[in-house]
file entry-v6.cif (mmCIF, C-alpha atoms)
data_input
loop_
_atom_site.label_atom_id
_atom_site.label_comp_id
_atom_site.auth_asym_id
_atom_site.auth_seq_id
_atom_site.Cartn_x
_atom_site.Cartn_y
_atom_site.Cartn_z
CA MET A 59 18.77 -14.13 -1.36
CA ALA A 60 16.63 -15.37 -4.23
CA LYS A 61 12.93 -15.26 -5.03
CA GLN A 62 10.71 -15.26 -1.95
CA THR A 63 6.94 -15.64 -1.71
CA PHE A 64 4.97 -13.47 0.69
CA GLN A 65 1.47 -14.45 1.74
CA VAL A 66 -1.50 -12.81 3.43
CA THR A 67 -5.03 -14.07 4.10
CA THR A 68 -8.08 -11.85 4.17
CA THR A 69 -11.30 -12.87 5.94
CA HIS A 70 -14.69 -11.23 5.59
CA PRO A 71 -17.17 -12.35 8.27
CA GLY A 72 -20.20 -12.15 5.99
CA ASN A 73 -21.65 -8.69 6.62
CA GLY A 74 -20.57 -5.08 6.21
CA THR A 75 -17.31 -4.06 4.59
CA ARG A 76 -14.92 -4.89 7.45
CA VAL A 77 -12.16 -7.32 6.45
CA GLU A 78 -9.37 -8.82 8.55
CA ILE A 79 -5.96 -9.09 6.91
CA GLN A 80 -3.59 -11.64 8.44
CA ALA A 81 0.11 -11.37 7.54
CA ARG A 82 2.21 -13.84 9.52
CA HIS A 83 1.25 -13.01 13.14
CA HIS A 84 0.11 -9.46 12.31
CA ARG A 85 -3.51 -8.45 11.94
CA ILE A 86 -4.75 -5.41 10.04
CA ILE A 87 -8.39 -4.33 9.89
CA ALA A 88 -9.68 -2.83 6.65
CA ASP A 89 -13.05 -1.14 6.36
CA GLU A 90 -14.73 1.62 4.41
CA PRO A 91 -15.85 4.98 5.77
CA PRO A 92 -19.62 5.40 6.27
CA GLU A 93 -20.00 7.34 2.99
CA LEU A 94 -18.75 4.22 1.17
CA GLY A 95 -20.94 1.79 3.11
CA GLY A 96 -18.64 0.86 6.00
CA THR A 97 -18.33 1.44 9.72
CA ASP A 98 -14.86 3.07 9.60
CA SER A 99 -13.26 0.45 11.86
CA GLY A 100 -10.06 0.56 9.83
CA ALA A 101 -8.35 2.22 6.90
CA ASN A 102 -9.87 1.29 3.57
CA PRO A 103 -7.95 -0.90 1.11
CA VAL A 104 -6.76 1.98 -1.08
CA GLU A 105 -5.52 3.85 2.01
CA ILE A 106 -3.69 0.69 3.05
CA LEU A 107 -2.15 0.57 -0.43
CA LEU A 108 -0.93 4.16 -0.08
CA GLY A 109 0.40 3.26 3.37
CA ALA A 110 2.18 0.23 1.94
CA LEU A 111 3.90 2.44 -0.63
CA GLY A 112 5.00 4.96 2.01
CA ALA A 113 6.13 2.23 4.39
CA CYS A 114 8.10 0.52 1.64
CA GLN A 115 9.79 3.75 0.60
CA SER A 116 10.65 4.42 4.26
CA VAL A 117 12.20 0.98 4.71
CA VAL A 118 14.29 1.36 1.54
CA ALA A 119 15.42 4.82 2.71
CA VAL A 120 16.48 3.48 6.10
CA VAL A 121 18.28 0.46 4.63
CA TYR A 122 20.26 2.49 2.05
CA ALA A 123 20.83 5.85 3.80
CA GLN A 124 24.32 4.91 4.95
CA LYS A 125 25.33 3.83 1.43
CA PHE A 126 24.53 7.37 0.25
CA GLY A 127 26.01 9.10 3.30
CA ILE A 128 22.57 10.39 4.28
CA ARG A 129 21.71 10.95 7.93
CA PHE A 130 18.26 11.80 9.18
CA GLU A 131 16.47 11.60 12.50
CA ARG A 132 12.97 11.17 11.12
CA LEU A 133 11.29 10.56 7.81
CA GLN A 134 7.64 11.26 7.07
CA ILE A 135 6.05 10.52 3.71
CA GLU A 136 2.72 12.11 2.84
CA LEU A 137 0.83 10.27 0.12
CA GLU A 138 -2.39 10.96 -1.74
CA GLY A 139 -4.05 9.47 -4.77
CA ASP A 140 -6.99 10.10 -7.06
CA ILE A 141 -9.71 7.54 -7.78
CA ASP A 142 -12.83 8.11 -9.87
CA LEU A 143 -15.43 6.32 -7.71
CA ASP A 144 -17.74 5.99 -10.73
CA GLY A 145 -15.48 3.12 -11.79
CA PHE A 146 -15.83 1.35 -8.45
CA PHE A 147 -19.60 1.91 -8.33
CA ASP A 148 -19.99 0.76 -11.97
CA LYS A 149 -21.52 4.09 -12.97
CA SER A 150 -19.21 4.67 -15.91
CA ASN A 151 -16.53 2.92 -17.88
CA VAL A 152 -13.57 4.48 -16.05
CA ARG A 153 -10.74 2.76 -14.30
CA PRO A 154 -11.69 1.75 -10.71
CA GLY A 155 -8.15 2.17 -9.39
CA PHE A 156 -5.81 5.08 -8.78
CA SER A 157 -5.17 7.31 -11.77
CA ASP A 158 -2.49 9.31 -9.98
CA ILE A 159 -0.48 8.91 -6.78
CA ARG A 160 1.60 11.74 -5.34
CA TYR A 161 3.98 11.66 -2.39
CA LYS A 162 6.20 14.05 -0.51
CA PHE A 163 9.31 13.08 1.49
CA ILE A 164 9.86 15.14 4.66
CA PHE A 165 13.17 14.57 6.43
CA ASP A 166 14.42 15.88 9.77
CA SER A 167 18.08 16.18 8.82
CA GLU A 168 21.12 18.44 8.91
CA GLU A 169 21.95 17.38 5.33
CA ALA A 170 21.64 19.81 2.41
CA PRO A 171 18.42 19.25 0.41
CA GLU A 172 20.43 18.75 -2.81
CA LYS A 173 22.04 15.66 -1.28
CA PHE A 174 18.69 13.83 -1.28
CA GLN A 175 17.94 13.85 -5.03
CA GLU A 176 20.13 10.91 -6.09
CA PHE A 177 19.26 9.05 -2.90
CA LEU A 178 15.51 9.39 -3.46
CA ASN A 179 15.84 8.39 -7.12
CA PHE A 180 17.47 5.19 -5.84
CA VAL A 181 14.79 4.70 -3.15
CA GLU A 182 12.06 5.00 -5.79
CA GLN A 183 13.83 2.48 -8.05
CA LYS A 184 14.33 -0.11 -5.29
CA CYS A 185 10.93 0.06 -3.53
CA PRO A 186 9.09 -3.21 -4.34
CA VAL A 187 5.65 -1.67 -3.75
CA GLY A 188 6.44 1.31 -5.98
CA ASP A 189 7.78 -1.02 -8.64
CA THR A 190 4.60 -3.13 -8.44
CA LEU A 191 2.36 -0.06 -8.78
CA GLY A 192 4.41 1.49 -11.58
CA ASN A 193 4.83 -1.56 -13.78
CA PRO A 194 2.50 -4.24 -15.10
CA VAL A 195 2.39 -7.33 -12.89
CA ALA A 196 0.80 -10.72 -13.56
CA LEU A 197 -2.37 -10.76 -11.47
CA ARG A 198 -3.95 -14.20 -11.65
CA ARG A 199 -6.76 -15.92 -9.81
CA ALA A 200 -5.32 -19.32 -8.89
CA GLU A 201 -8.55 -21.11 -8.09
CA ILE A 202 -12.04 -20.85 -6.60
CA VAL A 203 -13.00 -22.93 -3.56
CA VAL A 204 -16.61 -23.00 -2.36
CA ASN A 205 -17.25 -24.65 1.00
CA ALA A 206 -20.62 -25.42 2.49
CA PRO A 207 -21.33 -23.14 5.48
CA ALA A 208 -20.51 -24.64 8.87
CA ALA A 209 -23.53 -25.96 10.74
CA VAL A 210 -24.54 -23.70 13.60
#

call {"tool": "encode", "arguments": {"input": "entry-v6.cif", "output": "structure tokens"}}
result
Amino acid sequence: MAKQTFQVTTTHPGNGTRVEIQARHHRIIADEPPELGGTDSGANPVEILLGALGACQSVVAVVYAQKFGIRFERLQIELEGDIDLDGFFDKSNVRPGFSDIRYKFIFDSEEAPEKFQEFLNFVEQKCPVGDTLGNPVALRRAEIVVNAPAAV
């Protein structure tokens, strides 16, 4: 399988911070908590990013467990990250994104804990979301389209 392009569309209705994310036939709602100006109708974008990392690591673990002779009944990944909100709110010249992301793998398994080290090193190397977060990626605006509002 060669290079593949994935696509999502986000739509903001024009008020508040609620955004609809459409990925194929799946819909995700993003919003901010009240203390950041939202109505809390969904996880905020940085929480979704953390969730994407954990989901990606989980998928890689499931796909490659057999290759490493690892058996587990359940995997939970707890993730947290630090953001200096002064960067987002333009209060200081600090980075607006995560400065640090930490995660913990929790397996329900009969395997010895030592057996997981090499496996998790591999999972971390093969996770596309982790790779994207950990390495520079070309982030380019392709174009700007401005449409006149639809007549009501």

call {"tool": "closest_residue", "arguments": {"input": "entry-v6.cif", "among": "A:Val187, A:Val104, A:Ile141, A:Ile128", "to": "Arg153 (chain A)", "atoms": "only C-alpha atoms"}}
result
A:Ile141

call {"tool": "atom_distance", "arguments": {"input": "entry-v6.cif", "atom1": "CA of Asp166 (chain A)", "atom2": "CA of Gly112 (chain A)"}}
result
16.4 Å

call {"tool": "residues_around", "arguments": {"input": "entry-v6.cif", "residues": "Lys162 (chain A)", "least_positions_apart": "5", "cutoff": "9 Å", "atoms": "only C-alpha atoms", "output": "ChimeraX atom specification"}}
result
/A:134-137

call {"tool": "atom_distance", "arguments": {"input": "entry-v6.cif", "atom1": "CA of Leu94 (chain A)", "atom2": "CA of Phe156 (chain A)"}}
result
16.3 Å

call {"tool": "atom_distance", "arguments": {"input": "entry-v6.cif", "atom1": "CA of Arg199 (chain A)", "atom2": "CA of Glu78 (chain A)"}}
result
19.9 Å

call {"tool": "axis_aligned_box", "arguments": {"input": "entry-v6.cif", "around": "region 93-110 of chain A", "padding_each_side": "4 Å", "output": "JSON"}}
result
{"center_x": -9.4, "center_y": 3.2, "center_z": 5.4, "size_x": 31.1, "size_y": 16.2, "size_z": 20.9}

call {"tool": "resolve_selection", "arguments": {"input": "entry-v6.cif", "expression": "the PyMOL selection byres ((chain A and resi 133) around 9)", "output": "VMD selection string"}}
result
chain A and resid 116 119 to 120 130 to 132 134 to 135 163 to 167

call {"tool": "resolve_selection", "arguments": {"input": "entry-v6.cif", "expression": "the PyMOL selection byres ((chain A and resi 87) around 6)", "output": "PyMOL selection string"}}
result
chain A and resi 77-78+86+88+100

call {"tool": "closest_residue", "arguments": {"input": "entry-v6.cif", "among": "A:Thr75, A:Ser157, A:Gln124, A:Gln115", "to": "Asn102 (chain A)", "atoms": "all atoms listed in the file"}}
result
A:Thr75

call {"tool": "resolve_selection", "arguments": {"input": "entry-v6.cif", "expression": "the PyMOL selection byres ((chain A and resi 179-181) around 9)", "output": "PDB file with C-alpha atoms, in the frame of the given file"}}
result
ATOM      1  CA  GLN A 115       9.790   3.750   0.600  1.00  0.00           C
ATOM      2  CA  SER A 116      10.650   4.420   4.260  1.00  0.00           C
ATOM      3  CA  VAL A 118      14.290   1.360   1.540  1.00  0.00           C
ATOM      4  CA  ALA A 119      15.420   4.820   2.710  1.00  0.00           C
ATOM      5  CA  TYR A 122      20.260   2.490   2.050  1.00  0.00           C
ATOM      6  CA  PHE A 174      18.690  13.830  -1.280  1.00  0.00           C
ATOM      7  CA  GLN A 175      17.940  13.850  -5.030  1.00  0.00           C
ATOM      8  CA  GLU A 176      20.130  10.910  -6.090  1.00  0.00           C
ATOM      9  CA  PHE A 177      19.260   9.050  -2.900  1.00  0.00           C
ATOM     10  CA  LEU A 178      15.510   9.390  -3.460  1.00  0.00           C
ATOM     11  CA  GLU A 182      12.060   5.000  -5.790  1.00  0.00           C
ATOM     12  CA  GLN A 183      13.830   2.480  -8.050  1.00  0.00           C
ATOM     13  CA  LYS A 184      14.330  -0.110  -5.290  1.00  0.00           C
ATOM     14  CA  CYS A 185      10.930   0.060  -3.530  1.00  0.00           C
TER      15      CYS A 185
END

call {"tool": "closest_residue", "arguments": {"input": "entry-v6.cif", "among": "A:Arg82, A:Arg129, A:Arg198, A:His70", "to": "Lys173 (chain A)", "atoms": "only C-alpha atoms"}}
result
A:Arg129

call {"tool": "residues_around", "arguments": {"input": "entry-v6.cif", "residues": "Gly96 (chain A)", "least_positions_apart": "4", "cutoff": "8 Å", "atoms": "only C-alpha atoms", "output": "list of chain:residue names"}}
result
A:Gly74, A:Thr75, A:Arg76, A:Asp89, A:Glu90, A:Pro91, A:Pro92

call {"tool": "closest_residue", "arguments": {"input": "entry-v6.cif", "among": "A:Leu111, A:Ser150, A:Pro171, A:Ala81", "to": "Thr190 (chain A)", "atoms": "only C-alpha atoms"}}
result
A:Leu111

call {"tool": "build_atoms", "arguments": {"input": "entry-v6.cif", "residues": "region 85-121 of chain A", "atoms": "N, CA and C atoms", "output": "short mmCIF file (atom, residue, chain, number, x, y, z; two decimals), in the coordinates of the input"}}
result
data_model
loop_
_atom_site.label_atom_id
_atom_site.label_comp_id
_atom_site.auth_asym_id
_atom_site.auth_seq_id
_atom_site.Cartn_x
_atom_site.Cartn_y
_atom_site.Cartn_z
N ARG A 85 -2.13 -8.60 12.38
CA ARG A 85 -3.51 -8.45 11.94
C ARG A 85 -3.79 -6.98 11.63
N ILE A 86 -4.38 -6.75 10.47
CA ILE A 86 -4.75 -5.41 10.04
C ILE A 86 -6.25 -5.44 9.74
N ILE A 87 -6.96 -4.44 10.18
CA ILE A 87 -8.39 -4.33 9.89
C ILE A 87 -8.57 -3.32 8.76
N ALA A 88 -9.30 -3.73 7.75
CA ALA A 88 -9.68 -2.83 6.65
C ALA A 88 -11.19 -2.64 6.70
N ASP A 89 -11.63 -1.44 6.41
CA ASP A 89 -13.05 -1.14 6.36
C ASP A 89 -13.21 0.11 5.52
N GLU A 90 -14.43 0.42 5.18
CA GLU A 90 -14.73 1.62 4.41
C GLU A 90 -15.33 2.67 5.35
N PRO A 91 -15.18 3.94 4.98
CA PRO A 91 -15.85 4.98 5.77
C PRO A 91 -17.36 4.89 5.54
N PRO A 92 -18.16 5.49 6.41
CA PRO A 92 -19.62 5.40 6.27
C PRO A 92 -20.13 5.83 4.89
N GLU A 93 -19.52 6.86 4.30
CA GLU A 93 -20.00 7.34 2.99
C GLU A 93 -19.77 6.34 1.86
N LEU A 94 -18.96 5.30 2.14
CA LEU A 94 -18.75 4.22 1.17
C LEU A 94 -19.32 2.90 1.68
N GLY A 95 -20.22 2.97 2.67
CA GLY A 95 -20.94 1.79 3.11
C GLY A 95 -20.34 1.04 4.28
N GLY A 96 -19.30 1.56 4.90
CA GLY A 96 -18.64 0.86 6.00
C GLY A 96 -18.92 1.45 7.35
N THR A 97 -18.20 0.95 8.35
CA THR A 97 -18.33 1.44 9.72
C THR A 97 -17.07 2.17 10.19
N ASP A 98 -16.09 2.33 9.31
CA ASP A 98 -14.86 3.07 9.60
C ASP A 98 -14.04 2.44 10.72
N SER A 99 -14.03 1.11 10.81
CA SER A 99 -13.26 0.45 11.86
C SER A 99 -11.80 0.23 11.46
N GLY A 100 -11.43 0.67 10.28
CA GLY A 100 -10.06 0.56 9.83
C GLY A 100 -9.87 1.39 8.57
N ALA A 101 -8.64 1.53 8.16
CA ALA A 101 -8.35 2.22 6.90
C ALA A 101 -8.95 1.40 5.76
N ASN A 102 -9.33 2.07 4.68
CA ASN A 102 -9.87 1.29 3.57
C ASN A 102 -8.73 0.72 2.72
N PRO A 103 -9.02 -0.24 1.85
CA PRO A 103 -7.95 -0.90 1.11
C PRO A 103 -7.05 0.04 0.30
N VAL A 104 -7.62 1.09 -0.30
CA VAL A 104 -6.76 1.98 -1.08
C VAL A 104 -5.88 2.84 -0.16
N GLU A 105 -6.37 3.16 1.04
CA GLU A 105 -5.52 3.85 2.01
C GLU A 105 -4.40 2.93 2.49
N ILE A 106 -4.71 1.67 2.66
CA ILE A 106 -3.69 0.69 3.05
C ILE A 106 -2.64 0.57 1.94
N LEU A 107 -3.09 0.62 0.69
CA LEU A 107 -2.15 0.57 -0.43
C LEU A 107 -1.22 1.78 -0.41
N LEU A 108 -1.77 2.96 -0.20
CA LEU A 108 -0.93 4.16 -0.08
C LEU A 108 0.04 4.01 1.09
N GLY A 109 -0.46 3.49 2.21
CA GLY A 109 0.40 3.26 3.37
C GLY A 109 1.50 2.26 3.08
N ALA A 110 1.17 1.23 2.31
CA ALA A 110 2.18 0.23 1.94
C ALA A 110 3.27 0.86 1.10
N LEU A 111 2.89 1.75 0.18
CA LEU A 111 3.90 2.44 -0.63
C LEU A 111 4.80 3.30 0.25
N GLY A 112 4.20 4.11 1.12
CA GLY A 112 5.00 4.96 2.01
C GLY A 112 5.88 4.16 2.95
N ALA A 113 5.34 3.07 3.50
CA ALA A 113 6.13 2.23 4.39
C ALA A 113 7.30 1.60 3.65
N CYS A 114 7.04 1.14 2.43
CA CYS A 114 8.10 0.52 1.64
C CYS A 114 9.20 1.53 1.31
N GLN A 115 8.80 2.72 0.89
CA GLN A 115 9.79 3.75 0.60
C GLN A 115 10.60 4.10 1.85
N SER A 116 9.95 4.14 3.00
CA SER A 116 10.65 4.42 4.26
C SER A 116 11.67 3.35 4.58
N VAL A 117 11.28 2.09 4.42
CA VAL A 117 12.20 0.98 4.71
C VAL A 117 13.41 1.05 3.78
N VAL A 118 13.17 1.27 2.49
CA VAL A 118 14.29 1.36 1.54
C VAL A 118 15.20 2.52 1.93
N ALA A 119 14.61 3.66 2.31
CA ALA A 119 15.42 4.82 2.71
C ALA A 119 16.29 4.50 3.91
N VAL A 120 15.72 3.83 4.90
CA VAL A 120 16.48 3.48 6.10
C VAL A 120 17.60 2.49 5.77
N VAL A 121 17.29 1.50 4.96
CA VAL A 121 18.28 0.46 4.63
C VAL A 121 19.45 1.04 3.83
#
